[in-house]
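Structure file coords.tsv (TSV, C-alpha atoms) follows.
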chain	number	residue	atom	x	y	z
A	1	MET	CA	8.64	-21.10	58.40
A	2	LYS	CA	10.44	-21.98	55.18
A	3	ASN	CA	13.06	-24.70	55.13
A	4	PHE	CA	16.44	-23.38	54.08
A	5	ILE	CA	18.94	-25.50	52.21
A	6	TYR	CA	22.47	-24.90	53.42
A	7	ASN	CA	25.48	-25.18	51.15
A	8	THR	CA	26.76	-28.06	53.28
A	9	GLN	CA	23.67	-30.01	52.26
A	10	GLN	CA	24.21	-29.47	48.53
A	11	ASN	CA	26.56	-31.09	46.05
A	12	ASP	CA	30.13	-29.83	45.92
A	13	LEU	CA	30.80	-27.09	43.40
A	14	ILE	CA	32.79	-28.16	40.36
A	15	LEU	CA	34.48	-24.76	39.96
A	16	LYS	CA	34.08	-22.75	43.15
A	17	GLU	CA	35.21	-19.48	41.56
A	18	TYR	CA	31.92	-19.19	39.65
A	19	GLY	CA	29.57	-19.92	42.54
A	20	ARG	CA	26.45	-22.05	42.86
A	21	ASN	CA	24.15	-19.84	40.78
A	22	VAL	CA	26.30	-20.24	37.68
A	23	GLN	CA	26.36	-23.99	38.29
A	24	LYS	CA	22.56	-24.03	38.44
A	25	LEU	CA	22.36	-22.08	35.17
A	26	VAL	CA	24.66	-24.59	33.49
A	27	ASP	CA	22.54	-27.48	34.76
A	28	HIS	CA	19.46	-25.77	33.33
A	29	ILE	CA	21.01	-25.09	29.91
A	30	ILE	CA	21.87	-28.79	29.56
A	31	THR	CA	18.15	-29.62	29.78
A	32	ILE	CA	17.12	-27.25	26.95
A	33	GLU	CA	16.15	-29.37	23.95
A	34	ASP	CA	16.17	-26.65	21.26
A	35	ARG	CA	19.77	-26.37	20.04
A	36	ASP	CA	19.49	-22.74	18.85
A	37	LYS	CA	18.08	-21.70	22.22
A	38	ARG	CA	20.75	-23.72	24.01
A	39	ASN	CA	23.46	-22.01	21.95
A	40	LYS	CA	22.07	-18.57	22.79
A	41	TYR	CA	21.86	-19.26	26.52
A	42	ALA	CA	25.39	-20.72	26.56
A	43	GLN	CA	26.81	-17.58	24.93
A	44	ILE	CA	24.97	-15.36	27.42
A	45	LEU	CA	26.30	-17.42	30.32
A	46	VAL	CA	29.87	-17.17	29.03
A	47	GLU	CA	29.51	-13.38	29.04
A	48	LEU	CA	28.21	-13.57	32.62
A	49	MET	CA	31.22	-15.68	33.59
A	50	ARG	CA	33.45	-13.06	31.97
A	51	GLN	CA	31.87	-10.32	34.11
A	52	ILE	CA	32.47	-12.33	37.28
A	53	HIS	CA	36.21	-11.96	36.65
A	54	PRO	CA	36.52	-8.51	34.98
A	55	ASN	CA	40.23	-8.32	35.80
A	56	MET	CA	40.92	-10.93	33.15
A	57	ARG	CA	41.90	-9.62	29.74
A	58	ASP	CA	39.48	-9.91	26.84
A	59	ASN	CA	41.63	-11.96	24.53
A	60	GLN	CA	41.48	-15.21	22.61
A	61	ASP	CA	43.14	-17.33	25.32
A	62	TYR	CA	40.77	-16.12	28.02
A	63	SER	CA	37.70	-16.65	25.82
A	64	ASN	CA	38.92	-20.18	25.21
A	65	LYS	CA	39.30	-20.70	28.97
A	66	LEU	CA	35.73	-19.52	29.62
A	67	TRP	CA	34.31	-22.04	27.16
A	68	ASP	CA	36.52	-24.75	28.66
A	69	ASP	CA	35.19	-23.88	32.11
A	70	LEU	CA	31.62	-24.03	30.81
A	71	TYR	CA	32.20	-27.55	29.49
A	72	ILE	CA	33.80	-28.55	32.80
A	73	LEU	CA	30.85	-27.14	34.77
A	74	SER	CA	28.53	-29.23	32.60
A	75	GLN	CA	30.70	-32.30	33.24
A	76	PHE	CA	31.13	-32.45	29.45
A	77	ASN	CA	27.41	-33.03	28.90
A	78	LEU	CA	26.73	-29.72	27.14
A	79	GLU	CA	26.25	-29.89	23.36
A	80	VAL	CA	26.56	-26.44	21.79
A	81	ASP	CA	28.13	-24.78	18.76
A	82	ALA	CA	31.05	-23.17	20.56
A	83	PRO	CA	33.89	-21.21	18.94
A	84	TYR	CA	36.37	-23.61	20.57
A	85	PRO	CA	36.44	-27.43	20.78
A	86	MET	CA	35.52	-29.27	23.96
A	87	PRO	CA	38.60	-29.88	26.16
A	88	GLU	CA	39.73	-33.43	26.76
A	89	LYS	CA	38.49	-35.01	29.98
A	90	ASP	CA	41.85	-36.68	30.56
A	91	ALA	CA	43.52	-33.28	30.75
A	92	LEU	CA	41.69	-32.39	33.97
A	93	GLY	CA	43.67	-32.81	37.17
A	94	LYS	CA	46.96	-33.31	35.36
A	95	LYS	CA	49.90	-30.98	35.58
A	96	PRO	CA	49.80	-28.89	32.42
A	97	LYS	CA	52.55	-29.44	29.91
A	98	MET	CA	54.48	-26.60	28.37
A	99	VAL	CA	52.52	-25.52	25.33
A	100	ALA	CA	54.28	-24.35	22.21
A	101	TYR	CA	53.40	-20.87	21.02
A	102	ASN	CA	50.45	-20.94	18.65
A	103	THR	CA	51.63	-19.40	15.41
A	104	HIS	CA	48.23	-19.66	13.72
A	105	GLU	CA	46.73	-16.20	13.48
A	106	LEU	CA	42.95	-16.03	13.29
A	107	HIS	CA	41.37	-13.77	10.68
A	108	TYR	CA	38.76	-12.67	13.21
A	109	LYS	CA	39.20	-13.80	16.81
A	110	HIS	CA	35.51	-13.50	17.68
A	111	TYR	CA	34.66	-16.30	15.24
A	112	GLY	CA	37.18	-18.72	16.71
A	113	ARG	CA	39.27	-21.48	15.16
A	114	ASN	CA	36.33	-23.90	14.80
A	115	VAL	CA	34.63	-21.65	12.25
A	116	GLU	CA	37.81	-21.58	10.18
A	117	LEU	CA	37.93	-25.39	10.27
A	118	LEU	CA	34.30	-25.58	9.14
A	119	ILE	CA	35.09	-23.21	6.27
A	120	GLU	CA	37.95	-25.49	5.18
A	121	LYS	CA	35.58	-28.48	5.19
A	122	ALA	CA	32.96	-26.56	3.21
A	123	ILE	CA	35.52	-25.58	0.57
A	124	ALA	CA	36.38	-29.26	0.08
A	125	MET	CA	32.74	-30.18	-0.66
A	126	GLU	CA	32.03	-30.87	-4.33
A	127	ASN	CA	28.27	-31.31	-3.98
A	128	PRO	CA	26.66	-27.88	-4.57
A	129	ASP	CA	23.72	-28.67	-2.25
A	130	ASP	CA	26.02	-29.72	0.59
A	131	ARG	CA	28.20	-26.66	0.09
A	132	PHE	CA	25.15	-24.35	0.04
A	133	ASN	CA	23.83	-25.83	3.30
A	134	ALA	CA	27.30	-25.58	4.83
A	135	ILE	CA	27.55	-21.89	3.90
A	136	ILE	CA	24.21	-21.17	5.56
A	137	TYR	CA	25.15	-23.10	8.71
A	138	ILE	CA	28.51	-21.31	8.96
A	139	GLY	CA	26.88	-17.95	8.26
A	140	ARG	CA	24.45	-18.43	11.13
A	141	LEU	CA	27.26	-19.36	13.50
A	142	MET	CA	29.30	-16.34	12.43
A	143	LYS	CA	26.33	-14.01	12.88
A	144	SER	CA	25.67	-15.43	16.33
A	145	PHE	CA	29.31	-15.12	17.44
A	146	TYR	CA	29.59	-11.62	15.96
A	147	GLY	CA	26.48	-10.49	17.86
A	148	THR	CA	27.86	-11.85	21.13
A	149	TRP	CA	31.16	-10.06	20.58
A	150	ASN	CA	29.84	-6.72	19.29
A	151	LYS	CA	26.56	-6.53	21.26
A	152	GLU	CA	24.82	-5.08	18.21
A	153	ASN	CA	22.77	-6.40	15.32
A	154	VAL	CA	25.09	-7.23	12.46
A	155	ASP	CA	24.12	-6.73	8.83
A	156	ASP	CA	24.15	-9.85	6.67
A	157	ALA	CA	26.46	-8.03	4.25
A	158	VAL	CA	29.22	-8.09	6.88
A	159	ILE	CA	28.88	-11.85	7.36
A	160	VAL	CA	28.84	-12.52	3.61
A	161	GLU	CA	31.97	-10.40	3.14
A	162	HIS	CA	33.81	-11.99	6.08
A	163	LEU	CA	32.89	-15.47	4.83
A	164	ARG	CA	34.18	-14.62	1.36
A	165	GLU	CA	37.39	-13.19	2.82
A	166	MET	CA	38.04	-16.10	5.21
A	167	SER	CA	37.46	-18.63	2.42
A	168	GLU	CA	39.67	-16.71	-0.01
A	169	ASN	CA	36.70	-16.15	-2.36
A	170	LYS	CA	35.87	-19.87	-2.47
A	171	LEU	CA	32.58	-19.66	-0.55
A	172	ASN	CA	30.17	-17.19	-2.10
A	173	ILE	CA	26.45	-16.64	-1.66
A	174	SER	CA	24.11	-13.97	-2.98
A	175	LEU	CA	23.50	-11.27	-0.40
A	176	GLU	CA	20.08	-10.60	-1.94
A	177	LYS	CA	19.12	-14.25	-1.46
A	178	VAL	CA	20.38	-14.26	2.12
A	179	LYS	CA	18.29	-11.22	3.01
A	180	ALA	CA	15.20	-12.25	1.04
A	181	GLU	CA	15.03	-15.70	2.67
A	182	ASN	CA	16.55	-14.78	6.06
A	183	LEU	CA	19.10	-17.55	5.53
A	184	PHE	CA	21.43	-16.35	8.29
A	185	ASP	CA	18.60	-15.89	10.79
A	186	ALA	CA	18.88	-18.57	13.50
A	187	SER	CA	15.11	-18.40	14.07
A	188	ALA	CA	14.44	-19.56	10.50
A	189	LYS	CA	13.84	-23.21	11.30
A	190	GLU	CA	13.36	-24.74	7.87
A	191	LYS	CA	16.10	-27.30	7.22
A	192	SER	CA	18.15	-25.79	10.05
A	193	ASP	CA	18.38	-29.10	11.90
A	194	ASN	CA	19.74	-30.84	8.80
A	195	ARG	CA	22.27	-28.22	7.71
A	196	ASN	CA	24.64	-28.87	10.60
A	197	LYS	CA	24.65	-32.57	9.68
A	198	VAL	CA	26.27	-31.88	6.33
A	199	PHE	CA	29.72	-31.87	7.98
A	200	ASN	CA	29.13	-35.39	9.32
A	201	ASN	CA	27.91	-36.74	5.99
A	202	PRO	CA	30.52	-39.23	4.67
A	203	ASN	CA	29.29	-38.59	1.11
A	204	ALA	CA	29.49	-34.80	1.39
A	205	LYS	CA	32.51	-34.63	-0.94
A	206	LYS	CA	31.02	-36.92	-3.58
A	207	MET	CA	28.64	-35.26	-5.99
A	208	GLY	CA	27.63	-38.57	-7.55
A	209	ASN	CA	26.28	-39.89	-4.26
A	210	ASN	CA	23.54	-37.26	-4.08
A	211	PRO	CA	20.29	-39.04	-5.13
A	212	ASN	CA	18.53	-35.76	-5.89
A	213	MET	CA	21.20	-34.72	-8.36
A	214	ASN	CA	21.14	-38.18	-9.97
A	215	ASN	CA	17.36	-37.90	-10.39
A	216	ASN	CA	17.78	-34.49	-11.99
A	217	ARG	CA	20.31	-35.91	-14.44
A	218	ASN	CA	17.92	-38.75	-15.36
A	219	LYS	CA	15.09	-36.28	-16.00
A	220	GLN	CA	17.33	-34.17	-18.23
A	221	ASP	CA	18.47	-37.27	-20.16
A	222	ASN	CA	14.84	-38.34	-20.72
A	223	LYS	CA	13.91	-34.86	-21.99
A	224	GLN	CA	16.83	-34.91	-24.40
A	225	LYS	CA	15.81	-38.35	-25.71
A	226	ARG	CA	12.24	-37.15	-26.39
A	227	LYS	CA	13.60	-34.14	-28.31
A	228	ASN	CA	15.80	-36.38	-30.44
A	229	GLN	CA	12.82	-38.60	-31.27
In structure tokens, how does this file's structure come out?
Amino acid sequence: MKNFIYNTQQNDLILKEYGRNVQKLVDHIITIEDRDKRNKYAQILVELMRQIHPNMRDNQDYSNKLWDDLYILSQFNLEVDAPYPMPEKDALGKKPKMVAYNTHELHYKHYGRNVELLIEKAIAMENPDDRFNAIIYIGRLMKSFYGTWNKENVDDAVIVEHLREMSENKLNISLEKVKAENLFDASAKEKSDNRNKVFNNPNAKKMGNNPNMNNNRNKQDNKQKRKNQ
């Protein structure tokens, strides 16, 4: 006879409204080492959490709440590229303060405010290599969020156009290059681990601090000297 584990013998649920199975899924996602895979599973789980409470409206505030709940269920140990920032731990258990009405209107709600903030950071980058890597990283996030929202495969042309629109024509990339090299495909692993680090690079705004570009300048100067000789 199999031994059954009763709920009274298990750890208390963090958020009872989602049940123990959702809690187990969250615990499993935390252990996934591959970030792209972890992102995908987290987005799927958020959709499952949405279906558990279908009476809730599908709007920006509720989507934000679902991601907040996911972070809470993970005890703030989940590292994913979410459309909303992680809530503050100190805010839990406190009586909520009256929140002023948010007058900021998102261009596209399914991308979230975080994508807009990343776009602003990318626009401020002077180093062409850093900006190029930032565009690819943002494009992959946008494609992932769009697919979760629309449930269909999205053409790269849509992402390129939305990125251009949201950046007010300041972030541009060749659609032909994106398609030829699958730059917005999350499964394309080359340099993908380094592209998300560009936003944490303290020298990202300084073109002169890029050693590769300095080497290129030195090579060009040497060629010019040989021609003059």
Can you build me a table of stretch 103-156 of chain A residues sitting at most 12 Å from stretch 71-94 of chain A, with the closest atom pair per residue and its distance in Å to one decimal, using only C-alpha atoms, sorted by chain and residue number, as CSV?
residue,atom,partner,partner_atom,distance
A:Leu106,CA,A:Pro83,CA,11.9
A:Tyr108,CA,A:Pro83,CA,11.4
A:Lys109,CA,A:Pro83,CA,9.4
A:His110,CA,A:Pro83,CA,8.0
A:Tyr111,CA,A:Pro83,CA,6.2
A:Gly112,CA,A:Pro83,CA,4.7
A:Arg113,CA,A:Tyr84,CA,6.5
A:Asn114,CA,A:Pro83,CA,5.5
A:Val115,CA,A:Pro83,CA,6.7
A:Glu116,CA,A:Pro83,CA,9.6
A:Leu117,CA,A:Pro83,CA,10.4
A:Leu118,CA,A:Pro83,CA,10.7
A:Tyr137,CA,A:Asp81,CA,10.6
A:Ile138,CA,A:Asp81,CA,10.4
A:Arg140,CA,A:Asp81,CA,10.6
A:Leu141,CA,A:Asp81,CA,7.6
A:Met142,CA,A:Pro83,CA,9.3
A:Ser144,CA,A:Asp81,CA,10.0
A:Phe145,CA,A:Pro83,CA,7.8
A:Tyr146,CA,A:Pro83,CA,10.9
A:Thr148,CA,A:Pro83,CA,11.3
A:Trp149,CA,A:Pro83,CA,11.6
Can you tell me which residues surround A:Lys177 at a distance of at most 12 Å, considering all atoms listed in the file, apart from same-chain residues fewer than 4 positions away, and format the answer as a compact mmCIF listing (two decimals) with C-alpha atoms, in the frame of the given file?
# COMPACT_ATOMS: atom_id res chain seq x y z
CA PHE A 132 25.15 -24.35 0.04
CA ILE A 136 24.21 -21.17 5.56
CA ASP A 156 24.15 -9.85 6.67
CA ALA A 157 26.46 -8.03 4.25
CA VAL A 160 28.84 -12.52 3.61
CA ASN A 172 30.17 -17.19 -2.10
CA ILE A 173 26.45 -16.64 -1.66
CA GLU A 181 15.03 -15.70 2.67
CA ASN A 182 16.55 -14.78 6.06
CA LEU A 183 19.10 -17.55 5.53
CA PHE A 184 21.43 -16.35 8.29
By how many Å are atom CA of A:Gly147 and atom CA of A:Ile135 apart?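 It comes out at 18.1 Å.
Pairwise distance (atom CA of A:Gln51, atom CA of A:Glu17) equals 12.3 Å.
Atom CA of A:Asn39 sits 15.9 Å away from atom CA of A:Asn64.
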From the list A:Lys170, A:Val46, A:Ile52, A:Leu70, which residue is nearest A:Asp27 when using all atoms listed in the file?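 Among the listed residues, the smallest separation from A:Asp27 belongs to A:Leu70.
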Counting all atoms listed in the file, which residues have an atom no more than 7 Å from (34.9, -17.2, 29.5) in the file's coordinates? Please list them as number ranges by chain. A: 46-47, 49-50, 62-67
